[in-house]
Amino acid sequence: MWESAIERLLHHFALQLIIPDQYYGKVSQYVNQHDLRGRIIYQKFNKKAVAPNIFHSSDPDELITKLEFKDSAYTEWVKNEISLKFNYICTDDLETFRLSDKALTSAGQIKNAARHEKDDRPEIKNRQFYILGWDNKEKISVLKEAVTQLNGRISEAEKTITYLQNQETRIRKSTESITSFLSFDTYKKIDWWTLSAQIQENTSRIAELQETNDRVKTLKEQMEGLVQSIAVLTGELDTTKDNLRALEASIGQQQQKLRDAINTLNTYEGMAVEEQLSRFERQFIQDVEVNIENIDGLRTRRQQKLGDDIGNLKDRLRELESEAEGLMRAFIQPERYLVDQFEDWNADTHRLRDRAEFIDEYLATLTRLEEQELVEYKLQFKKYLNEEMITKMSDFQTWLEMQEEEIDGNIETLNGSLEKISFKSNPPTFIQLDSEKDYSPKVKLFKSQLNDWKPNLVEFERTKDDNILEQSFNKIKSTLDYLAQDENMRKEVLDVRNWLKFKAVEHHREDPSKIFRSYTGTAKLSGGESAQLTYTILGSAIAYQFGIHSEGLNTNSFRFICVDEAFSKQDDEKARFLMELCKQLHLQVMVVSPAKAEEVAIVEPYIARVHFVQRKDNRHSVLYDMPIKQLQEHREQYLQTVD
């Protein structure tokens, strides 16, 4: 029932590595010196430092009660981590869920103070990705079932592919048949019906002649038909002879033109004549009807047009040569800023001449730059971008994000201390710190640049387009230039604390879900209220920073603070709150105060010894060290001696 919810809650914690103290140095060195191509979180483990969580109070519905632990050297450490950081109440009662500081429902809803989360993405609930447990047998079973399903889908896909391949074969054969059919340019080549009808007719006539007795009559009729056919054919023959004589004369003319054309083609031997003729046809006669009668006139017009075009091209060629020679001179003698930027420029250009006929030398120089030197520079640039810039920018972005996560973690830890401190007694309240993302325009721009500089490496591997890497480099350069242009702005955007808006929230102790008051600053508070809020938060921070436990029995912890004139601007209630707070946090306090009776009276119930300073004759100071009882017995005597 609770497995899925607990898996979602502890998933990231379970992925952390536990590094024993003796291997910690080697692991840190390896992680620091290698690109892991991903994210790693590891915890330093010192068995001697493992101790039960003092603040933990057991609850029958707490998360840890639903877990089983195997005995190992790390068991106590894991239990402590879960008790301290995952002390969630497992409940499906939404009222209990509402009133609990940390709670978890079996449906996977997580409450952590004011933060609620429920992740119902399909991949999150997929048992293939579960990692908790003592072995992976169940996970292997799920994966095998998934493999079986995928094999079934692959089999269906293969059947579909086979069917489509057969369809493709049939369509290809039909296409080939249609292509063969289209190769016939006259209907007679495929008109077998007419030929069959003639064969059938002749067969019938032969049968008729064979069966009839009137053979003479039939022969006469046939002879008459043949005579008529001969007359028609004789006329056609005369016409054909006339046409033949005309064709012979035309052929003679065309043969002469052909010889002229061959002589012209021989003049341009070695050129791609067919390609040029095709180009000529597309440009000049594609939309013109050409025949024997109009070809001479067409040739004359085209020759005139080509002559005009050649003249224009020669003029343009002279212009281009002049322009090219100007560019050559600019290349040989560049502007001053180029010479300053590339000191060896003249080493490659001093032998070049600034005349158009030597342009091949410039082209050779261009080829060498593009195919040799530029290729080497591109490889160096890719290596620098991949191995240096991308890695360092990724580390820089991760470092900032980890600072943001660390702030959230510190606030969570401080809230654990603040929850134990009673801020007000009537009604009973306690303070909790809260943070939310509140980006200024400068921070928003910087965050946008951090998320936009990465190149699309998948697209680059597919297309090998260098512009993808160059765009990423320009974005990185733009970000660095943005940070370098203004020191104050750089400090603002790189201080992760400026990414968050902090406030202190006062909760009812009876119903923590109800907020008594929120504090975004102390400007609108009285001096006493401001001091009380400051004392509470700073005191809890001191307890967290220096490892002071609630029992106050850790003799190695640093617990001494000094308060100078703490009660000069406070009422008695706020002064007593400060002393009660120090007592609750088990701090050792030195209170420095003038010997005013009302101020001394406030601290008397909380102090054990007094260091009383007396000034004599405005020249000498005398220090009396005494128990508080001695001061109380001789109060008047000491106070009267104060100048």
# chains A, B, ... in the order shown; residues from 1 in each chain; ligands from 1
call {"tool": "select_by_dssp", "arguments": {"residues": "range 433-510 of chain A", "states": "strand (DSSP E)", "output": "compact mmCIF listing (two decimals) with N, CA and C atoms, in the first residue's frame"}}
result
# COMPACT_ATOMS: atom_id res chain seq x y z
N LEU A 433 10.96 29.94 8.95
CA LEU A 433 11.49 30.72 7.84
C LEU A 433 10.96 30.17 6.52
N ASP A 434 10.71 31.06 5.60
CA ASP A 434 10.18 30.65 4.30
C ASP A 434 10.92 31.42 3.21
N SER A 435 11.13 30.78 2.08
CA SER A 435 11.77 31.43 0.94
C SER A 435 11.02 31.09 -0.33
N GLU A 436 10.99 32.03 -1.24
CA GLU A 436 10.37 31.79 -2.54
C GLU A 436 11.18 32.52 -3.59
N LYS A 437 11.14 32.00 -4.80
CA LYS A 437 11.90 32.59 -5.89
C LYS A 437 11.31 33.95 -6.25
N LEU A 500 16.24 34.76 -4.00
CA LEU A 500 15.15 34.33 -3.13
C LEU A 500 14.62 35.51 -2.32
N LYS A 501 13.37 35.44 -1.97
CA LYS A 501 12.75 36.41 -1.09
C LYS A 501 12.43 35.69 0.22
N PHE A 502 12.98 36.19 1.33
CA PHE A 502 12.86 35.52 2.62
C PHE A 502 11.81 36.24 3.48
N LYS A 503 11.17 35.44 4.29
CA LYS A 503 10.27 36.01 5.29
C LYS A 503 10.16 35.05 6.47
N ALA A 504 9.79 35.60 7.60
CA ALA A 504 9.56 34.80 8.80
C ALA A 504 8.05 34.71 9.02
N VAL A 505 7.56 33.51 9.27
CA VAL A 505 6.13 33.27 9.43
C VAL A 505 5.88 32.75 10.85
N GLU A 506 4.96 33.41 11.54
CA GLU A 506 4.61 33.01 12.91
C GLU A 506 3.38 32.12 12.86
N HIS A 507 3.52 30.85 13.31
CA HIS A 507 2.45 29.86 13.25
C HIS A 507 1.86 29.63 14.65
N HIS A 508 0.56 29.28 14.67
CA HIS A 508 -0.05 28.83 15.91
C HIS A 508 0.49 27.45 16.26
call {"tool": "residues_around", "arguments": {"residues": "Ile359 in chain A", "least_positions_apart": "6", "cutoff": "9 Å", "atoms": "only C-alpha atoms", "output": "ChimeraX atom specification"}}
result
/A:324-325,328,353
call {"tool": "write_last_selection", "arguments": {"atoms": "N, CA, C and O atoms", "output": "PDB file, in the first residue's frame"}}
result
ATOM      1  N   ALA A 324      38.395  43.758 -58.379  1.00  0.00           N
ATOM      2  CA  ALA A 324      39.233  42.705 -57.809  1.00  0.00           C
ATOM      3  C   ALA A 324      40.617  43.228 -57.470  1.00  0.00           C
ATOM      4  O   ALA A 324      41.187  42.897 -56.416  1.00  0.00           O
ATOM      5  N   GLU A 325      41.180  44.059 -58.364  1.00  0.00           N
ATOM      6  CA  GLU A 325      42.507  44.604 -58.095  1.00  0.00           C
ATOM      7  C   GLU A 325      42.491  45.525 -56.876  1.00  0.00           C
ATOM      8  O   GLU A 325      43.441  45.573 -56.093  1.00  0.00           O
ATOM      9  N   MET A 328      42.512  43.226 -54.028  1.00  0.00           N
ATOM     10  CA  MET A 328      43.854  42.657 -53.882  1.00  0.00           C
ATOM     11  C   MET A 328      44.764  43.619 -53.118  1.00  0.00           C
ATOM     12  O   MET A 328      45.499  43.226 -52.204  1.00  0.00           O
ATOM     13  N   ARG A 353      50.795  39.855 -56.032  1.00  0.00           N
ATOM     14  CA  ARG A 353      50.745  41.032 -56.896  1.00  0.00           C
ATOM     15  C   ARG A 353      49.296  41.452 -57.105  1.00  0.00           C
ATOM     16  O   ARG A 353      48.389  40.604 -57.135  1.00  0.00           O
TER      17      ARG A 353
END
call {"tool": "closest_residue", "arguments": {"among": "A:Ala157, A:Ile262, A:Leu483, A:Ile89", "to": "Leu445 in chain A", "atoms": "only C-alpha atoms"}}
result
A:Leu483
call {"tool": "residues_around", "arguments": {"residues": "range 398-411 of chain A", "least_positions_apart": "4", "cutoff": "7 Å", "atoms": "only C-alpha atoms", "output": "PyMOL selection string"}}
result
chain A and resi 394+415+433+496
call {"tool": "write_last_selection", "arguments": {"atoms": "all heavy atoms", "output": "PDB file, in the first residue's frame"}}
result
ATOM      1  N   SER A 394      28.893  24.286 -17.346  1.00  0.00           N
ATOM      2  CA  SER A 394      27.991  23.348 -16.675  1.00  0.00           C
ATOM      3  C   SER A 394      28.300  23.289 -15.183  1.00  0.00           C
ATOM      4  O   SER A 394      27.394  23.294 -14.340  1.00  0.00           O
ATOM      5  CB  SER A 394      28.111  21.957 -17.310  1.00  0.00           C
ATOM      6  OG  SER A 394      27.717  21.979 -18.655  1.00  0.00           O
ATOM      7  N   ASN A 415      14.467  25.693  10.516  1.00  0.00           N
ATOM      8  CA  ASN A 415      13.063  25.589  10.920  1.00  0.00           C
ATOM      9  C   ASN A 415      12.862  24.485  11.951  1.00  0.00           C
ATOM     10  O   ASN A 415      11.969  24.568  12.801  1.00  0.00           O
ATOM     11  CB  ASN A 415      12.186  25.342   9.695  1.00  0.00           C
ATOM     12  CG  ASN A 415      11.970  26.606   8.881  1.00  0.00           C
ATOM     13  OD1 ASN A 415      12.096  27.707   9.399  1.00  0.00           O
ATOM     14  ND2 ASN A 415      11.645  26.458   7.600  1.00  0.00           N
ATOM     15  N   LEU A 433      10.955  29.935   8.951  1.00  0.00           N
ATOM     16  CA  LEU A 433      11.488  30.719   7.844  1.00  0.00           C
ATOM     17  C   LEU A 433      10.963  30.169   6.525  1.00  0.00           C
ATOM     18  O   LEU A 433      10.787  28.958   6.369  1.00  0.00           O
ATOM     19  CB  LEU A 433      13.020  30.684   7.846  1.00  0.00           C
ATOM     20  CG  LEU A 433      13.706  31.235   9.098  1.00  0.00           C
ATOM     21  CD1 LEU A 433      15.213  31.123   8.956  1.00  0.00           C
ATOM     22  CD2 LEU A 433      13.317  32.681   9.336  1.00  0.00           C
ATOM     23  N   VAL A 496      23.439  34.055  -4.703  1.00  0.00           N
ATOM     24  CA  VAL A 496      22.196  33.277  -4.836  1.00  0.00           C
ATOM     25  C   VAL A 496      21.134  33.758  -3.853  1.00  0.00           C
ATOM     26  O   VAL A 496      19.934  33.568  -4.080  1.00  0.00           O
ATOM     27  CB  VAL A 496      22.503  31.771  -4.640  1.00  0.00           C
ATOM     28  CG1 VAL A 496      21.242  30.940  -4.752  1.00  0.00           C
ATOM     29  CG2 VAL A 496      23.509  31.314  -5.685  1.00  0.00           C
TER      30      VAL A 496
END
call {"tool": "atom_distance", "arguments": {"atom1": "CA of Asp120 in chain A", "atom2": "CA of His12 in chain A"}}
result
16.0 Å
call {"tool": "residues_around", "arguments": {"residues": "Ala356 in chain A", "least_positions_apart": "6", "cutoff": "12 Å", "atoms": "only C-alpha atoms", "output": "VMD selection string"}}
result
chain A and resid 317 to 329 362 to 363
call {"tool": "write_last_selection", "arguments": {"atoms": "N, CA and C atoms", "output": "JSON list (two decimals), in the first residue's frame"}}
result
[["chain", "number", "residue", "atom", "x", "y", "z"],
["A", 317, "LEU", "N", 33.38, 42.64, -67.14],
["A", 317, "LEU", "CA", 34.64, 41.98, -66.78],
["A", 317, "LEU", "C", 35.70, 43.01, -66.40],
["A", 318, "ARG", "N", 35.75, 44.12, -67.19],
["A", 318, "ARG", "CA", 36.72, 45.17, -66.85],
["A", 318, "ARG", "C", 36.40, 45.79, -65.49],
["A", 319, "GLU", "N", 35.10, 45.98, -65.21],
["A", 319, "GLU", "CA", 34.71, 46.52, -63.91],
["A", 319, "GLU", "C", 35.12, 45.56, -62.78],
["A", 320, "LEU", "N", 34.84, 44.26, -63.00],
["A", 320, "LEU", "CA", 35.19, 43.27, -61.98],
["A", 320, "LEU", "C", 36.70, 43.19, -61.78],
["A", 321, "GLU", "N", 37.46, 43.27, -62.88],
["A", 321, "GLU", "CA", 38.92, 43.23, -62.75],
["A", 321, "GLU", "C", 39.41, 44.42, -61.92],
["A", 322, "SER", "N", 38.83, 45.60, -62.20],
["A", 322, "SER", "CA", 39.21, 46.79, -61.43],
["A", 322, "SER", "C", 38.84, 46.63, -59.96],
["A", 323, "GLU", "N", 37.63, 46.11, -59.73],
["A", 323, "GLU", "CA", 37.19, 45.90, -58.34],
["A", 323, "GLU", "C", 38.06, 44.86, -57.65],
["A", 324, "ALA", "N", 38.39, 43.76, -58.38],
["A", 324, "ALA", "CA", 39.23, 42.70, -57.81],
["A", 324, "ALA", "C", 40.62, 43.23, -57.47],
["A", 325, "GLU", "N", 41.18, 44.06, -58.36],
["A", 325, "GLU", "CA", 42.51, 44.60, -58.10],
["A", 325, "GLU", "C", 42.49, 45.52, -56.88],
["A", 326, "GLY", "N", 41.37, 46.26, -56.69],
["A", 326, "GLY", "CA", 41.24, 47.07, -55.48],
["A", 326, "GLY", "C", 41.21, 46.21, -54.23],
["A", 327, "LEU", "N", 40.47, 45.09, -54.30],
["A", 327, "LEU", "CA", 40.42, 44.16, -53.17],
["A", 327, "LEU", "C", 41.78, 43.52, -52.93],
["A", 328, "MET", "N", 42.51, 43.23, -54.03],
["A", 328, "MET", "CA", 43.85, 42.66, -53.88],
["A", 328, "MET", "C", 44.76, 43.62, -53.12],
["A", 329, "ARG", "N", 44.71, 44.91, -53.51],
["A", 329, "ARG", "CA", 45.55, 45.90, -52.82],
["A", 329, "ARG", "C", 45.16, 46.02, -51.35],
["A", 362, "TYR", "N", 45.73, 34.24, -55.33],
["A", 362, "TYR", "CA", 44.85, 34.54, -54.20],
["A", 362, "TYR", "C", 43.92, 33.36, -53.91],
["A", 363, "LEU", "N", 43.43, 32.74, -55.00],
["A", 363, "LEU", "CA", 42.57, 31.57, -54.81],
["A", 363, "LEU", "C", 43.32, 30.44, -54.14]]
call {"tool": "residues_around", "arguments": {"residues": "Lys444 in chain A", "least_positions_apart": "6", "cutoff": "10 Å", "atoms": "only C-alpha atoms", "output": "ChimeraX atom specification"}}
result
/A:438,450,493,499
call {"tool": "residues_around", "arguments": {"residues": "Tyr88 in chain A", "least_positions_apart": "3", "cutoff": "10 Å", "atoms": "only C-alpha atoms", "output": "PDB file with C-alpha atoms, in the first residue's frame"}}
result
ATOM      1  CA  LEU A   9       9.796  10.080  -1.493  1.00  0.00           C
ATOM      2  CA  ASP A  59       5.504   8.169  16.266  1.00  0.00           C
ATOM      3  CA  ASP A  61       2.825   6.323  11.916  1.00  0.00           C
ATOM      4  CA  GLU A  62       6.233   7.776  11.122  1.00  0.00           C
ATOM      5  CA  LEU A  63       7.883   6.747   7.849  1.00  0.00           C
ATOM      6  CA  ILE A  64      10.746   4.900   9.531  1.00  0.00           C
ATOM      7  CA  ILE A  82      15.720   9.068   7.542  1.00  0.00           C
ATOM      8  CA  SER A  83      14.732  10.096  11.075  1.00  0.00           C
ATOM      9  CA  LEU A  84      16.179  13.598  10.664  1.00  0.00           C
ATOM     10  CA  LYS A  85      15.348  14.406   7.037  1.00  0.00           C
ATOM     11  CA  THR A  91      -1.467   8.956   6.958  1.00  0.00           C
ATOM     12  CA  PHE A  97      -2.117  15.485   6.988  1.00  0.00           C
ATOM     13  CA  SER A 100       1.318  17.620  10.460  1.00  0.00           C
ATOM     14  CA  ASP A 101       4.517  19.472   9.573  1.00  0.00           C
ATOM     15  CA  LYS A 102       5.751  16.596   7.395  1.00  0.00           C
ATOM     16  CA  ALA A 103       3.284  14.056   6.068  1.00  0.00           C
ATOM     17  CA  LEU A 104       2.867  11.467   3.317  1.00  0.00           C
ATOM     18  CA  THR A 105      -0.281   9.821   1.927  1.00  0.00           C
ATOM     19  CA  ILE A 110       4.053  14.829   0.157  1.00  0.00           C
ATOM     20  CA  LYS A 111       3.851  17.703   2.616  1.00  0.00           C
ATOM     21  CA  ASN A 112       6.980  19.364   3.950  1.00  0.00           C
TER      22      ASN A 112
END
call {"tool": "closest_residue", "arguments": {"among": "A:Gln165, A:Ser28, A:Thr65, A:Ser513", "to": "Glu95 in chain A", "atoms": "only C-alpha atoms"}}
result
A:Ser513
